[in-house]
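> Sharing a structure below in structure tokens format, with a few things to ask.
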Amino acid sequence: MLTLLTESIVSYMTLSGRPLLDTRPDNELFVDRADELGRIRAALDQGLNCLVVGERGSGKTSLVRALMFQARQHEDPEDLGLPRLLYVRSAGALSATELLGRAAGALAGYQGDPPAGGWPGTAAGLIAELGERAQRGPVVMILDDAAADAGNALFGALRDELWSIDLRWLVTVATADSGTLLRPPADAFFEVQVELEPLSVDAAKEILRLRMGSVDDRLLEEAAAIGGGNPRRLLDVVREFDGDSSEWSEFATAAQQRQQALIQAGRSAHMLAVELEALGGASASDDRLLSRMGWTRARAVQVLGELEKAGLVTTSSVKAGQGRPKKIYKVVSPAQFGQRQLHATGRAV
Amino acid sequence: MSRESLAQMQEVHAFDPAPRRSELHDLHVPFDEMTGGHGCEQSLGDALRRRNRVALVGISGSGKSSVTQSVLGPLVEGLAPLPITVAIEKPEIAQDPAEFAAHLVRLVGQWVVDAMPKQASRGSEITTRRGQGGTRKQRFSIAPGWLSAKLELAYELQQASAQTPLSSGQRMDQARQLLDLIRADDLQPVLVLDDTDKWLNTTWQPDATTVRSAFFGRVIRVLAEDLSTAAVVAVHPTYLADAEYQSAAGFLDTTIHVPAIPSPAAVGQILGRRAGLALDVEDEQSALDQAIAHDAVGELYQYYARHAPDMRRRVLLTTHTALAIACDDDADQIQTRHIEIAITETNND
């Protein structure tokens with residue numbers, strides 16, 4: 001069975017942890033979340049703004065892409081009452097003005113009508129432009145992975161101006177960023193909030209079945225337990241396995257122990273590890289990491305030190321440009337964690 | 001009520017919790033009317049005519065914006081509201097009185113262009129066309145309604161706002177000149193800062209305490225001492241205990257608390273007003289009786305009364321959602337069970 005798994009990884013890359021797109025092949029890999037999709041659809045039908053909150057890797061992007069795909073299947077060209085869902089990637093936006101610029105660009109792209117004289121340079125001007133364009137037909141702007149500070153400025157400081165135009169918003173945000181994004185007065189902007197709960201074990205197993213075909217149920221059960229309801233973690237763990245069937249049990253045990261160790265390291269350390277995994281590694285002075293955590297560099301150094309001491313991160317030195325090399329931290333893989341445990345046990349004996 | 005009428009109310013979003021600002025004036029049932037007193041809308045109007053600076057206190061969703069719009073818009077005898085919108089590109093506006101004055105001048109200049117673009121660009125022709133009415137361009141605009149009816153004044157304001165003063169003193173003089181021009185037309189200018197959280201509590205401001213201190217300690221003071229203008233400053237109750245807010249207490253002449261909705265009958269008045277407008281029926285009580293069962297209104301009031309007085313969320317959003325549920329249910333009227341389901345669906349506490 002596990003040979004099949006390895007072949008899947010090598011041949012088809014179906015175990016990729018990337019978010020699913022709004023295409024038919026990807027939609028066929030989308031599992032569950034019918035309740036969440038129903039609530040989002042109901043909110044948008046009622047003309048309400050909706051916020052989707054979920055842990056990193058919980059499937060927020062895949063969820064909104066599935067919504068877009070499904071909406072297209074029901075699209076009737078004669079029915080102009082259906083809102084058009086426009087996707088805007090928000091990650092990395094530094095300001096509300098930048099977010100508005102991206103939204104205006106998406107809308108102009110859809111309408112095939114870029115502004116003749118260029119875009120306004122101010123947030124107020126961009127909102128006016130969006131307001132005028134939104135009058136041409138119903139639109140829902142999907143702002144995916146909202147940057148916390150820029151999102152708070154947009155939906156807080158400019159809340160009433162956004163309320164005044166005929167544009168509805170579906171926004172996704174990581175749980176760790178939601179507190180900042182929803183700081184008043186932005187909290188009132190989203191009439192509906194949908195929390196992405198961890199996937200059920202059955203749903204997690206279904207994800208793997210869809211990607212790997214027929215696989216031993218025990219493997220699926222154990223992988224689902226390690227994934228802890230997070231689809232990206234689930235796929236990461238299975239993808240990281242690079243052995244034959246006789247080695248699976250050992251790998252699964254190491255992966256579960258690593259997960260337990262991350263939880264036991266404390267809430268801050270666990271959250272930091274989640275962000276490190278999402279970034280694929282970072283230094284203590286990485287702006288993206290500090291922004292996501294809302295920490296100072298000193299705090300990051302302290303907690304990364306705790307993770308290193310617990311054997312939960314690896315470090316490497318990377319020299320980029322002038323100055324001292326940077327120490328890059330990465331969360332250990334289950335295999336690395338297993339080896340470290342073995343090594344530690346051996347030393348103890 | 002027929003199912004068709006209920007569907008019509010849903011179609012026009014009769015109970016939209018976030019209607020356009022320009023619609024608030026028509027939708028709002030004055031608290032004075034609901035309570036039988038005169039401590040809210042009437043007090044606010046009287047204070048502004050006395051050129052007072054008024055702190056309007058209420059939690060998010062309590063109705064501060066509705067009260068302000070009810071008293072000031074769109075065309076109220078003797079008062080000229082100047083809605084001061086946030087300019088996120090210039091955070092210093094919230095701290096520096098001269099920057100605040102310059103922002104006011106820019107806004108007035110922009111309103112003239114928005115409200116009467118032809119007149120603004122061909123100022124010399126305005127006087128000869130007086131009385132023929134403005135040719136309002138169909139575009140998104142936040143220009144106050146009174147400006148469209150004041151062609152000659154608009155021209156004077158445009159001329160006065162077109163200069164680019166260099167010093168702080170000149171910027172203050174320019175703002176003072178604009179306010180004097182408005183007063184010369186027998187209008188009392190009223191600066192409207194309708195949610196100070198937008199200025200003081202979002203992430204686009206670098207240091208909340210410093211900004212708050214400067215805003216209340218310097219900007220509000222300048223409104224009172226240098227510009228000597230009436231103003232409405234909407235604040236959350238949490239600010240009342242704030243040392244920075246208290247430093248402005250001497251410059252805020254009047255404090256008005258937005259009252260709570262007093263009774264189930266008052267909830268009925270709010271919903272009846274909206275139902276009547278949606279169905280184009282003058283008899284609001286009749287529209288209410290047809291739209292929503294008496295017991296359901298009582299249930300809604302109980303829900304509102306059990307929590308902080310958030311009209312937007314507890315009354316309007318809940319009814320908005322209940323209306324959609326009733327339509328899905330093929331019901332003729334919103335019933336208590338629809339309200340109960342809506343409360344469950346919209347409760348994000």
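A note on labels: chains of the structure tokens are A, B, ... as shown, every chain counts residues from 1, and ligands are counted from 1 in their shown order.
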Can you check which parts of chain A lie within 6 Å of chain B? Per residue, the shortest pair of atoms and distance in Å to one decimal, counting only C-alpha atoms, sorted by chain and number, as a Markdown table.


| residue | atom | partner | partner_atom | distance |
| --- | --- | --- | --- | --- |
| A:Ala128 | CA | B:Phe140 | CA | 5.5 |
| A:Gly131 | CA | B:Phe140 | CA | 5.9 |
| A:Glu132 | CA | B:Phe140 | CA | 5.8 |
| A:Asp149 | CA | B:Thr203 | CA | 5.5 |
| A:Ala153 | CA | B:Trp204 | CA | 5.5 |
| A:Gly156 | CA | B:Lys198 | CA | 6.0 |
| A:Ala157 | CA | B:Lys198 | CA | 4.2 |
| A:Ser164 | CA | B:Arg20 | CA | 4.7 |

> Pick out the residues sitting within 10 Å of B:His103, and hand them over as a PyMOL selection string; count only C-alpha atoms, and ignore anything fewer than 4 positions along from it in its own chain.

chain B and resi 84-87+90+93-94+97-99+107-109+171+175

> Could you pull the residues within 9 Å of B:Asp283, counting only C-alpha atoms, minus those fewer than 3 positions along the same chain, as a PyMOL selection string?

chain B and resi 272-273+276+286-288

> Given the selection you just returned, output its residues as a file containing C-alpha atoms, formatted as a PDB file, in the first residue's frame.


ATOM      1  CA  GLY B 272     -42.359  49.375  10.653  1.00  0.00           C
ATOM      2  CA  ARG B 273     -40.544  52.387   9.196  1.00  0.00           C
ATOM      3  CA  GLY B 276     -43.300  50.770   5.024  1.00  0.00           C
ATOM      4  CA  SER B 286     -49.935  48.168   9.076  1.00  0.00           C
ATOM      5  CA  ALA B 287     -46.708  47.337   7.206  1.00  0.00           C
ATOM      6  CA  LEU B 288     -45.195  46.076  10.459  1.00  0.00           C
TER       7      LEU B 288
END

> Using only C-alpha atoms, determine which residues lie at most 6 Å from stretch 181-185 of chain A, disregarding the query and same-chain residues fewer than 5 positions distant; provide the list as a list in words.

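So the residues in contact are Ala148, Gly151, Asn152 and Gly156 of chain A.
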
> May I have the selected residues written with N, CA and C atoms, as a PDB file, in the first residue's frame?


ATOM      1  N   ALA A 148      -3.248  41.546   8.349  1.00  0.00           N
ATOM      2  CA  ALA A 148      -3.971  42.019   9.530  1.00  0.00           C
ATOM      3  C   ALA A 148      -4.027  43.547   9.628  1.00  0.00           C
ATOM      4  N   GLY A 151      -5.723  45.194   6.564  1.00  0.00           N
ATOM      5  CA  GLY A 151      -7.148  44.848   6.593  1.00  0.00           C
ATOM      6  C   GLY A 151      -7.894  45.630   7.654  1.00  0.00           C
ATOM      7  N   ASN A 152      -7.257  45.802   8.809  1.00  0.00           N
ATOM      8  CA  ASN A 152      -7.906  46.571   9.868  1.00  0.00           C
ATOM      9  C   ASN A 152      -8.093  48.023   9.450  1.00  0.00           C
ATOM     10  N   GLY A 156     -11.746  49.132   9.040  1.00  0.00           N
ATOM     11  CA  GLY A 156     -11.998  49.935  10.229  1.00  0.00           C
ATOM     12  C   GLY A 156     -12.069  51.410   9.889  1.00  0.00           C
TER      13      GLY A 156
END

> Neighbouring residues of B:Leu72 were defined as those with any atom within 10 Å, considering only C-alpha atoms; residues of the same chain fewer than 3 positions away were excluded. Please report them as number ranges by chain.

B: 25, 41, 44-45, 48, 66-69, 75-82, 144-146, 190, 192

> Would you mind exporting N, CA and C atoms of the selected residues as a short mmCIF file (atom, residue, chain, number, x, y, z; two decimals), in the first residue's frame?


data_model
loop_
_atom_site.label_atom_id
_atom_site.label_comp_id
_atom_site.auth_asym_id
_atom_site.auth_seq_id
_atom_site.Cartn_x
_atom_site.Cartn_y
_atom_site.Cartn_z
N HIS B 25 -31.13 58.96 7.08
CA HIS B 25 -32.07 60.01 7.48
C HIS B 25 -33.52 59.54 7.34
N GLU B 41 -32.12 63.58 19.77
CA GLU B 41 -32.04 64.33 18.51
C GLU B 41 -32.29 65.82 18.72
N LEU B 44 -29.36 67.44 20.42
CA LEU B 44 -28.21 67.57 19.51
C LEU B 44 -28.41 68.75 18.56
N GLY B 45 -29.59 68.82 17.95
CA GLY B 45 -29.86 69.93 17.02
C GLY B 45 -29.74 71.28 17.71
N LEU B 48 -26.08 72.18 18.47
CA LEU B 48 -25.31 72.56 17.28
C LEU B 48 -25.68 73.96 16.81
N SER B 66 -26.87 57.19 12.79
CA SER B 66 -28.27 57.44 12.44
C SER B 66 -28.77 58.72 13.10
N VAL B 67 -28.42 58.91 14.37
CA VAL B 67 -28.83 60.12 15.08
C VAL B 67 -28.24 61.34 14.36
N THR B 68 -26.97 61.27 14.04
CA THR B 68 -26.30 62.39 13.38
C THR B 68 -26.96 62.70 12.03
N GLN B 69 -27.20 61.66 11.24
CA GLN B 69 -27.81 61.87 9.93
C GLN B 69 -29.23 62.39 10.07
N LEU B 75 -30.96 67.92 3.98
CA LEU B 75 -31.06 69.38 3.91
C LEU B 75 -31.82 69.87 5.14
N VAL B 76 -31.07 70.32 6.12
CA VAL B 76 -31.69 70.77 7.36
C VAL B 76 -31.55 72.28 7.44
N GLU B 77 -32.63 72.91 7.77
CA GLU B 77 -32.67 74.36 7.86
C GLU B 77 -31.56 74.90 8.76
N GLY B 78 -30.71 75.72 8.22
CA GLY B 78 -29.75 76.45 9.04
C GLY B 78 -28.46 75.73 9.38
N LEU B 79 -28.34 74.44 9.07
CA LEU B 79 -27.12 73.71 9.43
C LEU B 79 -26.42 73.17 8.18
N ALA B 80 -25.10 73.27 8.18
CA ALA B 80 -24.31 72.77 7.05
C ALA B 80 -23.30 71.74 7.56
N PRO B 81 -23.67 70.45 7.53
CA PRO B 81 -22.73 69.43 8.03
C PRO B 81 -21.51 69.29 7.14
N LEU B 82 -20.36 69.13 7.76
CA LEU B 82 -19.10 68.90 7.04
C LEU B 82 -18.53 67.57 7.53
N PRO B 144 -21.77 66.64 0.88
CA PRO B 144 -23.03 66.84 1.61
C PRO B 144 -24.10 67.46 0.72
N GLY B 145 -25.35 67.08 1.00
CA GLY B 145 -26.46 67.49 0.14
C GLY B 145 -26.65 68.99 0.03
N TRP B 146 -26.37 69.72 1.11
CA TRP B 146 -26.64 71.16 1.09
C TRP B 146 -25.81 71.89 0.04
N VAL B 190 -21.12 72.60 10.67
CA VAL B 190 -20.98 71.60 11.74
C VAL B 190 -19.99 70.54 11.29
N VAL B 192 -18.43 67.05 11.40
CA VAL B 192 -18.96 65.75 11.85
C VAL B 192 -17.84 64.72 11.85
#

> For B:Pro259, please output as an MDAnalysis selection string all residues within 10 Å (counting only C-alpha atoms; exclusion window: fewer than 2 positions along the same chain).

chainID B and resid 31:32 34:35 39:40 57:58 62:64 256:257 261:262 309

> Residues of the last selection are to be written out with N, CA and C atoms, as an mmCIF file, in the first residue's frame.


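Done, and the output landed in selection-v7.cif:
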data_model
loop_
_atom_site.group_PDB
_atom_site.id
_atom_site.type_symbol
_atom_site.label_atom_id
_atom_site.label_comp_id
_atom_site.auth_asym_id
_atom_site.auth_seq_id
_atom_site.Cartn_x
_atom_site.Cartn_y
_atom_site.Cartn_z
ATOM 1 N N PHE B 31 -34.843 58.654 18.415
ATOM 2 C CA PHE B 31 -34.981 58.127 19.777
ATOM 3 C C PHE B 31 -35.952 58.985 20.582
ATOM 4 N N ASP B 32 -35.982 60.280 20.307
ATOM 5 C CA ASP B 32 -36.925 61.149 21.022
ATOM 6 C C ASP B 32 -38.363 60.702 20.789
ATOM 7 N N MET B 34 -39.240 57.616 20.099
ATOM 8 C CA MET B 34 -39.440 56.320 20.761
ATOM 9 C C MET B 34 -39.561 56.475 22.269
ATOM 10 N N THR B 35 -38.796 57.419 22.832
ATOM 11 C CA THR B 35 -38.787 57.552 24.290
ATOM 12 C C THR B 35 -39.802 58.583 24.779
ATOM 13 N N GLY B 39 -34.150 64.336 24.720
ATOM 14 C CA GLY B 39 -32.756 64.366 25.160
ATOM 15 C C GLY B 39 -31.761 63.900 24.117
ATOM 16 N N CYS B 40 -32.238 63.487 22.976
ATOM 17 C CA CYS B 40 -31.286 62.980 21.980
ATOM 18 C C CYS B 40 -31.264 63.877 20.738
ATOM 19 N N VAL B 57 -22.258 59.917 22.582
ATOM 20 C CA VAL B 57 -21.676 58.716 23.173
ATOM 21 C C VAL B 57 -22.576 57.504 22.945
ATOM 22 N N GLY B 58 -21.975 56.425 22.464
ATOM 23 C CA GLY B 58 -22.734 55.181 22.290
ATOM 24 C C GLY B 58 -21.828 54.078 21.797
ATOM 25 N N SER B 62 -25.044 51.336 18.110
ATOM 26 C CA SER B 62 -26.131 51.858 18.943
ATOM 27 C C SER B 62 -26.987 52.868 18.199
ATOM 28 N N GLY B 63 -26.457 53.449 17.124
ATOM 29 C CA GLY B 63 -27.249 54.398 16.353
ATOM 30 C C GLY B 63 -26.652 55.799 16.291
ATOM 31 N N LYS B 64 -25.353 55.952 16.588
ATOM 32 C CA LYS B 64 -24.743 57.285 16.579
ATOM 33 C C LYS B 64 -24.832 57.925 15.187
ATOM 34 N N ILE B 256 -24.036 63.944 24.921
ATOM 35 C CA ILE B 256 -25.337 63.304 24.726
ATOM 36 C C ILE B 256 -25.112 61.798 24.596
ATOM 37 N N HIS B 257 -25.807 61.042 25.412
ATOM 38 C CA HIS B 257 -25.726 59.582 25.328
ATOM 39 C C HIS B 257 -26.866 59.073 24.450
ATOM 40 N N ILE B 261 -33.036 51.399 23.028
ATOM 41 C CA ILE B 261 -34.409 51.266 22.531
ATOM 42 C C ILE B 261 -35.273 50.896 23.738
ATOM 43 N N PRO B 262 -36.340 51.670 24.014
ATOM 44 C CA PRO B 262 -36.996 51.520 25.317
ATOM 45 C C PRO B 262 -37.991 50.371 25.445
ATOM 46 N N PRO B 309 -26.625 47.558 24.074
ATOM 47 C CA PRO B 309 -27.642 48.095 23.146
ATOM 48 C C PRO B 309 -27.126 48.300 21.718
#

> Hey, what does DSSP flag as strand (DSSP E or B) within stretch 11-154 of chain A? Can you give it to me as a count of residues only?

17

> Name the residues of stretch 159-325 of chain B that fall into alpha helix (DSSP H) according to DSSP on the backbone, using the chain letters and numbers of this document, as JSON, numbers by chain.

{"B": [159, 160, 161, 162, 168, 169, 170, 171, 172, 173, 174, 175, 176, 177, 178, 179, 180, 181, 182, 183, 184, 197, 198, 199, 200, 208, 209, 210, 211, 212, 213, 214, 220, 221, 222, 223, 224, 225, 243, 244, 245, 246, 264, 265, 266, 267, 268, 269, 270, 271, 272, 273, 274, 275, 276, 277, 278, 279, 284, 285, 286, 287, 288, 289, 290, 291, 294, 295, 296, 297, 298, 299, 300, 301, 302, 303, 304, 305, 306, 318, 319, 320, 321, 322, 323, 324, 325]}

> Can I get the selected residues back with C-alpha atoms, as a PDB file, in the first residue's frame?


ATOM      1  CA  GLN B 159     -12.051  79.691  -4.935  1.00  0.00           C
ATOM      2  CA  ALA B 160     -11.082  79.866  -1.281  1.00  0.00           C
ATOM      3  CA  SER B 161      -9.972  76.249  -1.094  1.00  0.00           C
ATOM      4  CA  ALA B 162      -7.913  76.405  -4.298  1.00  0.00           C
ATOM      5  CA  SER B 168       0.416  76.496   9.634  1.00  0.00           C
ATOM      6  CA  GLY B 169      -1.093  79.865  10.430  1.00  0.00           C
ATOM      7  CA  GLN B 170      -2.168  80.375   6.829  1.00  0.00           C
ATOM      8  CA  ARG B 171      -3.786  76.942   6.769  1.00  0.00           C
ATOM      9  CA  MET B 172      -5.794  77.780   9.858  1.00  0.00           C
ATOM     10  CA  ASP B 173      -6.790  81.117   8.300  1.00  0.00           C
ATOM     11  CA  GLN B 174      -7.944  79.360   5.165  1.00  0.00           C
ATOM     12  CA  ALA B 175     -10.137  76.924   7.118  1.00  0.00           C
ATOM     13  CA  ARG B 176     -11.548  79.826   9.118  1.00  0.00           C
ATOM     14  CA  GLN B 177     -12.317  81.654   5.873  1.00  0.00           C
ATOM     15  CA  LEU B 178     -14.260  78.667   4.527  1.00  0.00           C
ATOM     16  CA  LEU B 179     -16.309  78.420   7.695  1.00  0.00           C
ATOM     17  CA  ASP B 180     -17.004  82.165   7.593  1.00  0.00           C
ATOM     18  CA  LEU B 181     -18.198  81.896   3.990  1.00  0.00           C
ATOM     19  CA  ILE B 182     -20.677  79.226   5.024  1.00  0.00           C
ATOM     20  CA  ARG B 183     -21.869  81.316   7.971  1.00  0.00           C
ATOM     21  CA  ALA B 184     -22.305  84.316   5.676  1.00  0.00           C
ATOM     22  CA  ASP B 197     -12.406  54.954  16.616  1.00  0.00           C
ATOM     23  CA  LYS B 198     -11.739  55.269  12.897  1.00  0.00           C
ATOM     24  CA  TRP B 199      -9.178  57.941  13.717  1.00  0.00           C
ATOM     25  CA  LEU B 200      -7.794  56.640  16.950  1.00  0.00           C
ATOM     26  CA  ALA B 208      -2.692  54.969  19.841  1.00  0.00           C
ATOM     27  CA  THR B 209      -2.042  56.749  23.140  1.00  0.00           C
ATOM     28  CA  THR B 210      -0.029  59.564  21.597  1.00  0.00           C
ATOM     29  CA  VAL B 211      -2.563  60.005  18.816  1.00  0.00           C
ATOM     30  CA  ARG B 212      -5.477  60.030  21.264  1.00  0.00           C
ATOM     31  CA  SER B 213      -3.751  62.545  23.453  1.00  0.00           C
ATOM     32  CA  ALA B 214      -3.010  64.869  20.517  1.00  0.00           C
ATOM     33  CA  ILE B 220     -10.556  69.343  19.559  1.00  0.00           C
ATOM     34  CA  ARG B 221      -9.166  72.359  21.356  1.00  0.00           C
ATOM     35  CA  VAL B 222      -8.506  74.106  18.055  1.00  0.00           C
ATOM     36  CA  LEU B 223     -12.035  73.379  16.867  1.00  0.00           C
ATOM     37  CA  ALA B 224     -13.257  75.206  19.936  1.00  0.00           C
ATOM     38  CA  GLU B 225     -10.773  78.053  20.308  1.00  0.00           C
ATOM     39  CA  ALA B 243      -7.363  60.577  30.553  1.00  0.00           C
ATOM     40  CA  GLU B 244      -6.756  61.826  27.016  1.00  0.00           C
ATOM     41  CA  TYR B 245     -10.479  62.227  26.403  1.00  0.00           C
ATOM     42  CA  GLN B 246     -10.950  63.984  29.712  1.00  0.00           C
ATOM     43  CA  PRO B 264     -40.927  46.238  22.123  1.00  0.00           C
ATOM     44  CA  ALA B 265     -43.195  48.895  20.649  1.00  0.00           C
ATOM     45  CA  ALA B 266     -40.126  50.969  19.762  1.00  0.00           C
ATOM     46  CA  VAL B 267     -38.540  47.980  18.005  1.00  0.00           C
ATOM     47  CA  GLY B 268     -41.825  47.767  16.113  1.00  0.00           C
ATOM     48  CA  GLN B 269     -41.514  51.427  15.121  1.00  0.00           C
ATOM     49  CA  ILE B 270     -38.006  50.852  13.747  1.00  0.00           C
ATOM     50  CA  LEU B 271     -39.044  47.817  11.726  1.00  0.00           C
ATOM     51  CA  GLY B 272     -42.359  49.375  10.653  1.00  0.00           C
ATOM     52  CA  ARG B 273     -40.544  52.387   9.196  1.00  0.00           C
ATOM     53  CA  ARG B 274     -38.359  50.125   7.075  1.00  0.00           C
ATOM     54  CA  ALA B 275     -41.178  47.788   6.070  1.00  0.00           C
ATOM     55  CA  GLY B 276     -43.300  50.770   5.024  1.00  0.00           C
ATOM     56  CA  LEU B 277     -40.519  52.240   2.914  1.00  0.00           C
ATOM     57  CA  ALA B 278     -39.717  48.885   1.297  1.00  0.00           C
ATOM     58  CA  LEU B 279     -43.338  48.287   0.349  1.00  0.00           C
ATOM     59  CA  GLU B 284     -46.070  51.870   9.048  1.00  0.00           C
ATOM     60  CA  GLN B 285     -48.027  50.019  11.739  1.00  0.00           C
ATOM     61  CA  SER B 286     -49.935  48.168   9.076  1.00  0.00           C
ATOM     62  CA  ALA B 287     -46.708  47.337   7.206  1.00  0.00           C
ATOM     63  CA  LEU B 288     -45.195  46.076  10.459  1.00  0.00           C
ATOM     64  CA  ASP B 289     -48.206  43.935  11.333  1.00  0.00           C
ATOM     65  CA  GLN B 290     -48.076  42.321   7.937  1.00  0.00           C
ATOM     66  CA  ALA B 291     -44.307  41.806   7.925  1.00  0.00           C
ATOM     67  CA  HIS B 294     -46.313  40.599  17.248  1.00  0.00           C
ATOM     68  CA  ASP B 295     -44.667  37.886  19.361  1.00  0.00           C
ATOM     69  CA  ALA B 296     -41.635  37.901  17.089  1.00  0.00           C
ATOM     70  CA  VAL B 297     -41.129  41.622  17.756  1.00  0.00           C
ATOM     71  CA  GLY B 298     -41.287  40.867  21.483  1.00  0.00           C
ATOM     72  CA  GLU B 299     -38.696  38.109  21.081  1.00  0.00           C
ATOM     73  CA  LEU B 300     -36.451  40.482  19.186  1.00  0.00           C
ATOM     74  CA  TYR B 301     -36.714  43.119  21.906  1.00  0.00           C
ATOM     75  CA  GLN B 302     -35.868  40.562  24.599  1.00  0.00           C
ATOM     76  CA  TYR B 303     -32.775  39.560  22.646  1.00  0.00           C
ATOM     77  CA  TYR B 304     -31.736  43.207  22.266  1.00  0.00           C
ATOM     78  CA  ALA B 305     -32.386  43.986  25.942  1.00  0.00           C
ATOM     79  CA  ARG B 306     -30.300  41.047  27.182  1.00  0.00           C
ATOM     80  CA  THR B 318     -31.311  39.541  13.151  1.00  0.00           C
ATOM     81  CA  THR B 319     -34.452  40.696  11.339  1.00  0.00           C
ATOM     82  CA  HIS B 320     -32.589  40.841   8.025  1.00  0.00           C
ATOM     83  CA  THR B 321     -31.529  37.207   8.505  1.00  0.00           C
ATOM     84  CA  ALA B 322     -34.965  36.153   9.810  1.00  0.00           C
ATOM     85  CA  LEU B 323     -36.568  37.638   6.694  1.00  0.00           C
ATOM     86  CA  ALA B 324     -34.359  35.455   4.472  1.00  0.00           C
ATOM     87  CA  ILE B 325     -35.235  32.411   6.595  1.00  0.00           C
TER      88      ILE B 325
END

> Using atom CA of A:Gly117 and atom CA of B:Glu92 as the two end points, give the distance in Å to one decimal.

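If I compute the distance from atom CA of A:Gly117 to atom CA of B:Glu92, I get 28.8 Å.
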
> Grab the atom CA of A:Glu306 to atom CA of A:Ala344 distance for me, in Å with one decimal place.

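It comes out at 17.3 Å.
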
> Just checking: using only C-alpha atoms, which residue out of B:Val281, B:Ala241, B:Val258, B:Met9 ends up closest to B:Ser43?

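Closest to B:Ser43 of all the choices is B:Val258.
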